[in-house]
Structure formats: structure tokens, C-alpha cells
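Structure data follow from upload22.txt (compact mmCIF, C-alpha atoms):
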# COMPACT_ATOMS: atom_id res chain seq x y z
CA MET Z 19 14.25 -3.13 8.52
CA VAL Z 20 12.19 -3.40 5.34
CA ASN Z 21 13.23 -7.04 4.88
CA TYR Z 22 12.40 -7.84 8.49
CA GLN Z 23 8.95 -6.27 8.10
CA SER Z 24 8.42 -8.13 4.84
CA ALA Z 25 9.32 -11.46 6.47
CA ALA Z 26 6.92 -10.72 9.34
CA LEU Z 27 4.17 -9.95 6.82
CA ASP Z 28 4.96 -13.19 4.93
CA ARG Z 29 4.53 -15.16 8.18
CA THR Z 30 1.31 -13.36 9.14
CA PHE Z 31 -0.40 -13.88 5.77
CA ALA Z 32 0.83 -17.50 5.55
CA ALA Z 33 -0.43 -18.25 9.08
CA LEU Z 34 -3.85 -16.80 8.20
CA SER Z 35 -4.14 -18.80 4.96
CA ASP Z 36 -5.43 -21.92 6.73
CA PRO Z 37 -9.06 -22.27 7.95
CA THR Z 38 -8.09 -24.33 11.03
CA ARG Z 39 -5.57 -21.69 12.10
CA ARG Z 40 -8.14 -18.92 11.61
CA ALA Z 41 -10.63 -20.97 13.64
CA LEU Z 42 -8.04 -21.44 16.43
CA LEU Z 43 -7.55 -17.65 16.57
CA ALA Z 44 -11.34 -17.16 16.64
CA ARG Z 45 -11.57 -19.66 19.54
CA LEU Z 46 -8.89 -17.72 21.48
CA ASP Z 47 -10.75 -14.50 20.71
CA GLU Z 48 -13.79 -16.02 22.48
CA GLU Z 49 -11.82 -17.47 25.39
CA ASP Z 50 -8.20 -16.43 25.78
CA GLY Z 51 -5.64 -18.31 27.87
CA ILE Z 52 -7.12 -21.81 27.47
CA THR Z 53 -5.07 -25.00 27.32
CA VAL Z 54 -3.94 -26.67 24.09
CA SER Z 55 -6.19 -29.68 24.73
CA GLU Z 56 -9.25 -27.45 25.36
CA LEU Z 57 -8.38 -25.56 22.16
CA ALA Z 58 -8.05 -28.78 20.15
CA ARG Z 59 -11.29 -30.38 21.41
CA PRO Z 60 -13.81 -28.95 18.86
CA PHE Z 61 -11.57 -29.72 15.85
CA PRO Z 62 -11.93 -32.98 13.89
CA VAL Z 63 -8.14 -33.32 13.54
CA SER Z 64 -5.49 -34.95 15.71
CA LEU Z 65 -3.82 -33.17 18.63
CA PRO Z 66 -0.37 -33.30 16.89
CA ALA Z 67 -1.95 -31.59 13.83
CA ILE Z 68 -3.37 -28.86 16.06
CA MET Z 69 0.01 -28.46 17.76
CA LYS Z 70 1.65 -27.94 14.36
CA HIS Z 71 -0.91 -25.25 13.53
CA LEU Z 72 -0.23 -23.62 16.92
CA ASP Z 73 3.51 -23.64 16.13
CA VAL Z 74 2.84 -21.76 12.86
CA LEU Z 75 0.69 -19.22 14.73
CA SER Z 76 3.35 -18.89 17.41
CA ASP Z 77 6.14 -18.38 14.83
CA ALA Z 78 4.05 -15.60 13.29
CA GLY Z 79 3.68 -14.00 16.74
CA LEU Z 80 -0.12 -14.44 16.58
CA ILE Z 81 -0.28 -16.50 19.77
CA GLU Z 82 1.91 -16.90 22.84
CA LYS Z 83 2.26 -20.26 24.54
CA THR Z 84 2.86 -20.43 28.29
CA LYS Z 85 3.95 -23.63 30.01
CA SER Z 86 3.04 -24.27 33.63
CA GLY Z 87 4.04 -27.76 34.75
CA ARG Z 88 2.55 -30.13 32.16
CA THR Z 89 -0.08 -27.64 30.99
CA VAL Z 90 0.41 -25.31 28.00
CA THR Z 91 -1.99 -22.38 27.62
CA CYS Z 92 -2.31 -20.12 24.59
CA GLN Z 93 -2.87 -16.37 24.45
CA LEU Z 94 -3.97 -14.49 21.35
CA ARG Z 95 -1.54 -11.80 20.16
CA ALA Z 96 -3.34 -10.01 17.36
CA GLU Z 97 -0.85 -7.17 16.86
CA PRO Z 98 0.95 -8.68 13.80
CA MET Z 99 -2.41 -8.44 12.01
CA LYS Z 100 -2.12 -4.66 12.18
CA GLN Z 101 0.68 -4.62 9.59
CA ALA Z 102 -1.36 -6.94 7.34
CA MET Z 103 -4.34 -4.62 7.60
CA THR Z 104 -2.22 -1.56 6.83
CA TRP Z 105 -0.96 -3.34 3.70
CA LEU Z 106 -4.52 -4.17 2.59
CA GLN Z 107 -5.81 -0.65 3.32
CA HIS Z 108 -3.61 0.67 0.52
CA TYR Z 109 -5.90 -1.18 -1.94
CA GLU Z 110 -9.18 -0.25 -0.22
CA ARG Z 111 -10.02 2.41 -2.84
CA TYR Z 112 -10.50 -0.31 -5.47
CA TRP Z 113 -13.64 -1.66 -3.86
CA THR Z 114 -14.90 1.69 -2.56
CA GLU Z 115 -14.52 3.12 -6.12
CA GLN Z 116 -16.41 0.11 -7.42
CA LEU Z 117 -19.34 0.94 -5.11
CA ASP Z 118 -19.07 4.57 -6.24
CA ARG Z 119 -19.34 3.54 -9.88
CA LEU Z 120 -22.37 1.36 -9.11
CA ALA Z 121 -24.03 4.31 -7.35
CA ALA Z 122 -23.18 6.57 -10.32
CA PHE Z 123 -24.66 4.04 -12.73
CA LEU Z 124 -27.88 3.79 -10.74
CA GLU Z 125 -28.17 7.58 -10.51
CA GLU Z 126 -27.57 8.03 -14.25
CA ASP Z 127 -30.03 5.31 -15.19
CA ASP Z 128 -33.34 7.06 -16.11
CA SER Z 129 -35.44 4.13 -14.99
CA TRP Z 130 -34.07 4.42 -11.43
CA PRO Z 131 -36.16 6.75 -9.20
CA ALA Z 132 -34.32 10.04 -8.55
CA SER Z 133 -33.68 11.05 -4.94
CA PRO Z 134 -35.63 14.28 -4.18
CA ALA Z 135 -33.07 15.24 -1.52
CA SER Z 136 -30.11 15.43 -3.92
CA PRO Z 137 -31.11 16.62 -7.40
CA SER Z 138 -27.50 17.44 -8.40
CA SER Z 139 -25.87 14.27 -7.08
CA GLY Z 140 -25.86 12.64 -10.52
CA ALA Z 141 -23.77 15.51 -11.91
CA SER Z 142 -21.35 15.45 -8.98
CA ARG Z 143 -20.93 11.68 -9.43
CA ARG Z 144 -20.09 12.21 -13.10
CA ARG Z 145 -17.46 14.81 -12.24
CA ARG Z 146 -15.85 12.51 -9.70
CA ARG Z 147 -15.95 9.67 -12.17
CA SER Z 148 -14.26 11.61 -14.98
CA SER Z 149 -11.40 12.68 -12.65
CA SER Z 150 -10.48 9.09 -11.78
CA LYS Z 151 -7.07 7.81 -12.86
CA PRO Z 152 -7.10 6.48 -16.42
CA GLY Z 153 -6.25 2.85 -17.04
CA ARG Z 154 -7.43 1.76 -13.58
CA SER Z 155 -10.58 -0.26 -13.84
CA PRO Z 156 -11.28 -2.70 -11.00
CA LYS Z 157 -14.38 -4.09 -12.67
CA ARG Z 158 -15.08 -7.29 -10.70
CA MET L 1252 -21.32 -20.92 0.89
CA VAL L 1253 -19.25 -20.67 4.07
CA ASN L 1254 -16.77 -23.24 2.74
CA TYR L 1255 -16.50 -21.45 -0.58
CA GLN L 1256 -15.77 -18.16 1.21
CA SER L 1257 -13.24 -19.89 3.46
CA ALA L 1258 -11.44 -21.36 0.41
CA ALA L 1259 -11.38 -17.93 -1.24
CA LEU L 1260 -9.90 -16.44 1.94
CA ASP L 1261 -7.29 -19.24 2.07
CA ARG L 1262 -6.22 -18.39 -1.49
CA THR L 1263 -6.13 -14.63 -0.84
CA PHE L 1264 -3.99 -14.89 2.31
CA ALA L 1265 -1.71 -17.53 0.69
CA ALA L 1266 -1.24 -15.36 -2.41
CA LEU L 1267 -0.33 -12.37 -0.24
CA SER L 1268 2.20 -14.34 1.85
CA ASP L 1269 5.00 -13.90 -0.71
CA PRO L 1270 6.99 -10.64 -1.08
CA THR L 1271 7.39 -11.03 -4.88
CA ARG L 1272 3.64 -11.46 -5.32
CA ARG L 1273 2.94 -8.42 -3.12
CA ALA L 1274 5.48 -6.46 -5.20
CA LEU L 1275 3.78 -7.58 -8.44
CA LEU L 1276 0.45 -6.28 -7.10
CA ALA L 1277 2.12 -3.01 -6.08
CA ARG L 1278 3.57 -2.71 -9.61
CA LEU L 1279 0.10 -3.21 -11.13
CA ASP L 1280 -1.28 -0.65 -8.69
CA GLU L 1281 1.20 1.87 -10.18
CA GLU L 1282 0.59 0.87 -13.80
CA ASP L 1283 -2.31 -1.42 -14.55
CA GLY L 1284 -2.72 -3.43 -17.75
CA ILE L 1285 0.99 -3.91 -18.53
CA THR L 1286 2.46 -6.99 -20.20
CA VAL L 1287 3.93 -9.94 -18.32
CA SER L 1288 7.45 -9.15 -19.62
CA GLU L 1289 7.18 -5.50 -18.52
CA LEU L 1290 5.92 -6.71 -15.13
CA ALA L 1291 8.80 -9.18 -14.78
CA ARG L 1292 11.58 -6.75 -15.80
CA PRO L 1293 12.40 -5.18 -12.37
CA PHE L 1294 12.49 -8.54 -10.56
CA PRO L 1295 15.76 -10.45 -10.10
CA VAL L 1296 14.05 -13.79 -10.81
CA SER L 1297 13.38 -15.74 -14.02
CA LEU L 1298 10.35 -15.09 -16.24
CA PRO L 1299 8.96 -18.62 -15.56
CA ALA L 1300 9.20 -17.91 -11.80
CA ILE L 1301 7.26 -14.66 -12.29
CA MET L 1302 4.69 -16.50 -14.39
CA LYS L 1303 4.16 -19.01 -11.57
CA HIS L 1304 3.61 -16.14 -9.13
CA LEU L 1305 1.13 -14.58 -11.59
CA ASP L 1306 -0.73 -17.91 -11.76
CA VAL L 1307 -1.09 -17.93 -7.96
CA LEU L 1308 -2.38 -14.34 -8.05
CA SER L 1309 -4.75 -15.22 -10.90
CA ASP L 1310 -6.08 -18.32 -9.06
CA ALA L 1311 -6.80 -16.08 -6.07
CA GLY L 1312 -8.68 -13.66 -8.33
CA LEU L 1313 -6.21 -10.87 -7.50
CA ILE L 1314 -5.22 -10.31 -11.14
CA GLU L 1315 -6.82 -10.97 -14.49
CA LYS L 1316 -4.74 -11.97 -17.49
CA THR L 1317 -5.80 -10.97 -21.00
CA LYS L 1318 -4.23 -12.51 -24.09
CA SER L 1319 -4.05 -10.55 -27.34
CA GLY L 1320 -2.07 -12.38 -29.99
CA ARG L 1321 1.24 -13.28 -28.35
CA THR L 1322 0.97 -10.59 -25.67
CA VAL L 1323 -0.45 -11.22 -22.20
CA THR L 1324 -1.40 -8.20 -20.09
CA CYS L 1325 -2.34 -8.22 -16.41
CA GLN L 1326 -5.00 -6.23 -14.59
CA LEU L 1327 -5.17 -5.83 -10.82
CA ARG L 1328 -8.39 -7.13 -9.23
CA ALA L 1329 -8.17 -6.05 -5.60
CA GLU L 1330 -11.71 -7.04 -4.56
CA PRO L 1331 -10.77 -10.40 -2.92
CA MET L 1332 -8.70 -8.36 -0.46
CA LYS L 1333 -11.93 -6.90 0.91
CA GLN L 1334 -12.91 -10.20 2.55
CA ALA L 1335 -9.39 -10.49 4.02
CA MET L 1336 -9.67 -6.99 5.45
CA THR L 1337 -13.12 -7.71 6.90
CA TRP L 1338 -11.66 -10.79 8.61
CA LEU L 1339 -8.78 -8.74 10.09
CA GLN L 1340 -11.06 -5.89 11.20
CA HIS L 1341 -12.69 -8.26 13.70
CA TYR L 1342 -9.36 -8.21 15.64
CA GLU L 1343 -8.70 -4.47 15.29
CA ARG L 1344 -9.75 -3.74 18.88
CA TYR L 1345 -6.69 -5.64 20.17
CA TRP L 1346 -4.24 -3.02 18.92
CA THR L 1347 -6.54 -0.02 19.46
CA GLU L 1348 -7.05 -1.18 23.09
CA GLN L 1349 -3.28 -1.50 23.41
CA LEU L 1350 -2.86 2.17 22.38
CA ASP L 1351 -5.62 3.09 24.83
CA ARG L 1352 -3.78 1.35 27.67
CA LEU L 1353 -0.55 3.15 26.75
CA ALA L 1354 -2.39 6.49 26.80
CA ALA L 1355 -3.93 5.59 30.18
CA PHE L 1356 -0.52 4.66 31.56
CA LEU L 1357 1.01 7.96 30.40
CA GLU L 1358 -1.89 9.93 31.87
CA GLU L 1359 -1.67 8.13 35.22
CA ASP L 1360 2.09 8.50 35.43
CA ASP L 1361 2.80 11.48 37.76
CA SER L 1362 6.01 12.37 35.97
CA TRP L 1363 4.11 12.88 32.71
CA PRO L 1364 2.94 16.51 32.26
CA ALA L 1365 -0.85 16.76 32.76
CA SER L 1366 -2.90 18.25 29.95
CA PRO L 1367 -4.45 21.56 31.19
CA ALA L 1368 -7.36 21.10 28.75
CA SER L 1369 -8.58 17.83 30.26
CA PRO L 1370 -8.02 17.61 34.06
CA SER L 1371 -10.44 14.64 34.44
CA SER L 1372 -9.16 12.57 31.53
CA GLY L 1373 -7.06 10.38 33.82
CA ALA L 1374 -10.15 9.36 35.78
CA SER L 1375 -12.16 8.67 32.62
CA ARG L 1376 -9.35 6.50 31.30
CA ARG L 1377 -9.31 4.51 34.56
CA ARG L 1378 -13.07 3.92 34.28
CA ARG L 1379 -12.74 2.70 30.69
CA ARG L 1380 -9.84 0.51 31.71
CA SER L 1381 -11.67 -1.18 34.60
CA SER L 1382 -14.66 -1.98 32.34
CA SER L 1383 -12.55 -3.90 29.84
CA LYS L 1384 -13.17 -7.62 29.47
CA PRO L 1385 -11.22 -9.66 32.04
CA GLY L 1386 -8.73 -12.24 30.86
CA ARG L 1387 -8.02 -10.44 27.57
CA SER L 1388 -4.58 -8.92 27.64
CA PRO L 1389 -2.93 -8.28 24.27
CA LYS L 1390 0.31 -7.11 25.82
CA ARG L 1391 2.77 -7.20 22.89
Let me see the structure of the file written as C-alpha cells.
Amino acid sequence: MVNYQSAALDRTFAALSDPTRRALLARLDEEDGITVSELARPFPVSLPAIMKHLDVLSDAGLIEKTKSGRTVTCQLRAEPMKQAMTWLQHYERYWTEQLDRLAAFLEEDDSWPASPASPSSGASRRRRRSSSKPGRSPKR
Amino acid sequence: MVNYQSAALDRTFAALSDPTRRALLARLDEEDGITVSELARPFPVSLPAIMKHLDVLSDAGLIEKTKSGRTVTCQLRAEPMKQAMTWLQHYERYWTEQLDRLAAFLEEDDSWPASPASPSSGASRRRRRSSSKPGRSPKR
């Protein structure tokens, strides 16, 4: 089960690593259920190239292709993105902590005007800061 | 600027599309600033293979390598993931709407026990359902 989920996550992230594929998903988000040729029209690449991109998206479960006669339409299936987002959310604290440190720096800086509504916020920031895990310093 | 951001997003998603690279990030999340050989130890692949993975992560800005004498240590830099998460959040409504439809189905199903606390919730669900955008049906 873990391996299956990992393979699904591999396919989702790989499918999203190309700007044309992301743009195809954005196009389907605007207008779902359009034909492959309508989808391909705004892109400055060949129809076979677009079809290859659509195959990658389809293999990742991010779109569903439906054939009716000679016409193929595509539907967006965003659900695999949920697992990708859950994976990323685990790391969310790195950038929220970074904002927290910036706020703490600004509050501790004497040249920065103090907020009259929260005279003790500088002290509370310092407490929170000193309780953070040692050795973890997402600086960028 | 848009192209630069797109290229950064390409690199982030591509770096995250490999289970070993995701595991290396998870290892650094547990213990940041460890050496390359310590990082490589639990993985059943060669040190050169791990070093290639670390190069991909470094090129994506997801880790930072620091050399001190003959020792190279790695630090997690999760911030590029923020842009990836922002991109995914745009599609979040697809799976939240799916849960909403499931809830509406269960509430409308006569065999499902009605909640005594909210006798009108079935009707409110139906209203919300009928106002949803036509032609958008993330079914899976």
C-alpha cells in the first residue's frame, strides 16, 4: 500500500513538473470536457507533443479521456493532487516559522515603531522563538 | 519573472517526483545538518547515487550543502515547496467539493439516519449543490 501510494505520488509530481502540462490542467480548469484539438490550439507545440503530455497526465490520473466516435474529450481529475498537497503540508511550518522569525526581528528592532495594541508581543515572540527545535534553521 | 517562477516550479516538482529524494528530505526534516555519508547510510543505494539525488535537490533549492574540510553537511531548505503548494491550492476545491457531494448524497439518502440537530441540512445541501458550476464534475 505504501509503495503504491509512493508510485502514485511519483507520477503526480512528475506530471506537474512540466509547464505545458500545468498549462493544460489550467485550461481544463477553465473549461472542462473540451476536445484534444481545442485543448492543443493555444499551445505553440505540435498536436502529437500535446497528446504525449496528455498521456502523462492521464497516466497520473490527473485527466480522463473520453472517446466518442472520432472525438476525444478531456476531463480534469484533480484528486491525485490531494496526496501531493498532504505531503507538502508536512513541511509548511518551515516557511510559516520563517515569517514568524521575521516578525520577531521587526518587533525586537528598536527602530521599528511598536504596536500600541500589543505591548507584550515582543516578549511572547521571544518565548516562542527560544522554544523552537534546535538545529532547524530554514533561513532562506 | 513568470518564466523564472515556472522554471523553479518545474525543478521543485521534478525533485519531489522521486521516492529516494523525498525520503532524503524526510531524513533532513528529522535531523538537519547531517553529513552526506550519515544521510546515505539507511538507503540501499550507492553513495554516488545518493550524491546525484542530493545534486537534484540542491539545484531545486530544497537543500543547501556546506563543505567544511572533507565533510559535506546538508541543510533542508523547504521554502521552494511553498510555491508548489500555492499552485496545488488552486485545485483544492475539486476534492473538497467531492466530499461535499458525498455528504449531500448521504443526507439525501432515506436509509441514512437523519441528524436530529439539523433537520433542514438536506435542503441546504441541495441548494448548494444546484448552484455549483455546470460541466465541472470531479467524480473520482
Please return, as JSON, numbers by chain, all residues of chain Z lying within 10 Å of chain L when only C-alpha atoms are considered. {"Z": [21, 24, 25, 26, 27, 28, 29, 30, 31, 32, 33, 34, 35, 36, 37, 40, 43, 44, 46, 47, 48, 49, 50, 51, 79, 81, 82, 93, 94, 95, 96, 97, 98, 99, 100, 102, 103, 104, 105, 106, 107, 108, 109, 110, 111, 112, 113, 114, 116, 152, 153, 154, 155, 156, 157, 158]}
Spatial neighbours of stretch 1290-1294 of chain L, max dist 10 Å, all atoms listed in the file, sep filter under 4 positions, as a PDB file with C-alpha atoms, keeping the file's coordinate frame:
ATOM      1  CA  THR L1271       7.390 -11.030  -4.880  1.00  0.00           C
ATOM      2  CA  ALA L1274       5.480  -6.460  -5.200  1.00  0.00           C
ATOM      3  CA  LEU L1275       3.780  -7.580  -8.440  1.00  0.00           C
ATOM      4  CA  LEU L1276       0.450  -6.280  -7.100  1.00  0.00           C
ATOM      5  CA  ARG L1278       3.570  -2.710  -9.610  1.00  0.00           C
ATOM      6  CA  LEU L1279       0.100  -3.210 -11.130  1.00  0.00           C
ATOM      7  CA  GLU L1282       0.590   0.870 -13.800  1.00  0.00           C
ATOM      8  CA  ASP L1283      -2.310  -1.420 -14.550  1.00  0.00           C
ATOM      9  CA  GLY L1284      -2.720  -3.430 -17.750  1.00  0.00           C
ATOM     10  CA  ILE L1285       0.990  -3.910 -18.530  1.00  0.00           C
ATOM     11  CA  THR L1286       2.460  -6.990 -20.200  1.00  0.00           C
ATOM     12  CA  LEU L1298      10.350 -15.090 -16.240  1.00  0.00           C
ATOM     13  CA  PRO L1299       8.960 -18.620 -15.560  1.00  0.00           C
ATOM     14  CA  ALA L1300       9.200 -17.910 -11.800  1.00  0.00           C
ATOM     15  CA  ILE L1301       7.260 -14.660 -12.290  1.00  0.00           C
ATOM     16  CA  MET L1302       4.690 -16.500 -14.390  1.00  0.00           C
ATOM     17  CA  LEU L1305       1.130 -14.580 -11.590  1.00  0.00           C
ATOM     18  CA  THR L1324      -1.400  -8.200 -20.090  1.00  0.00           C
ATOM     19  CA  CYS L1325      -2.340  -8.220 -16.410  1.00  0.00           C
TER      20      CYS L1325
END
By how many Å are atom CA of L:Ser1319 and atom CA of Z:Leu120 apart? 28.5 Å
Length of the atom CA of Z:Asp118 to atom CA of L:Lys1318 vector [Å]: 28.8 Å
Between atom CA of Z:Asp73 and atom CA of Z:Arg39, distance in Å (one decimal):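 Distance between the two atoms: 10.1 Å.
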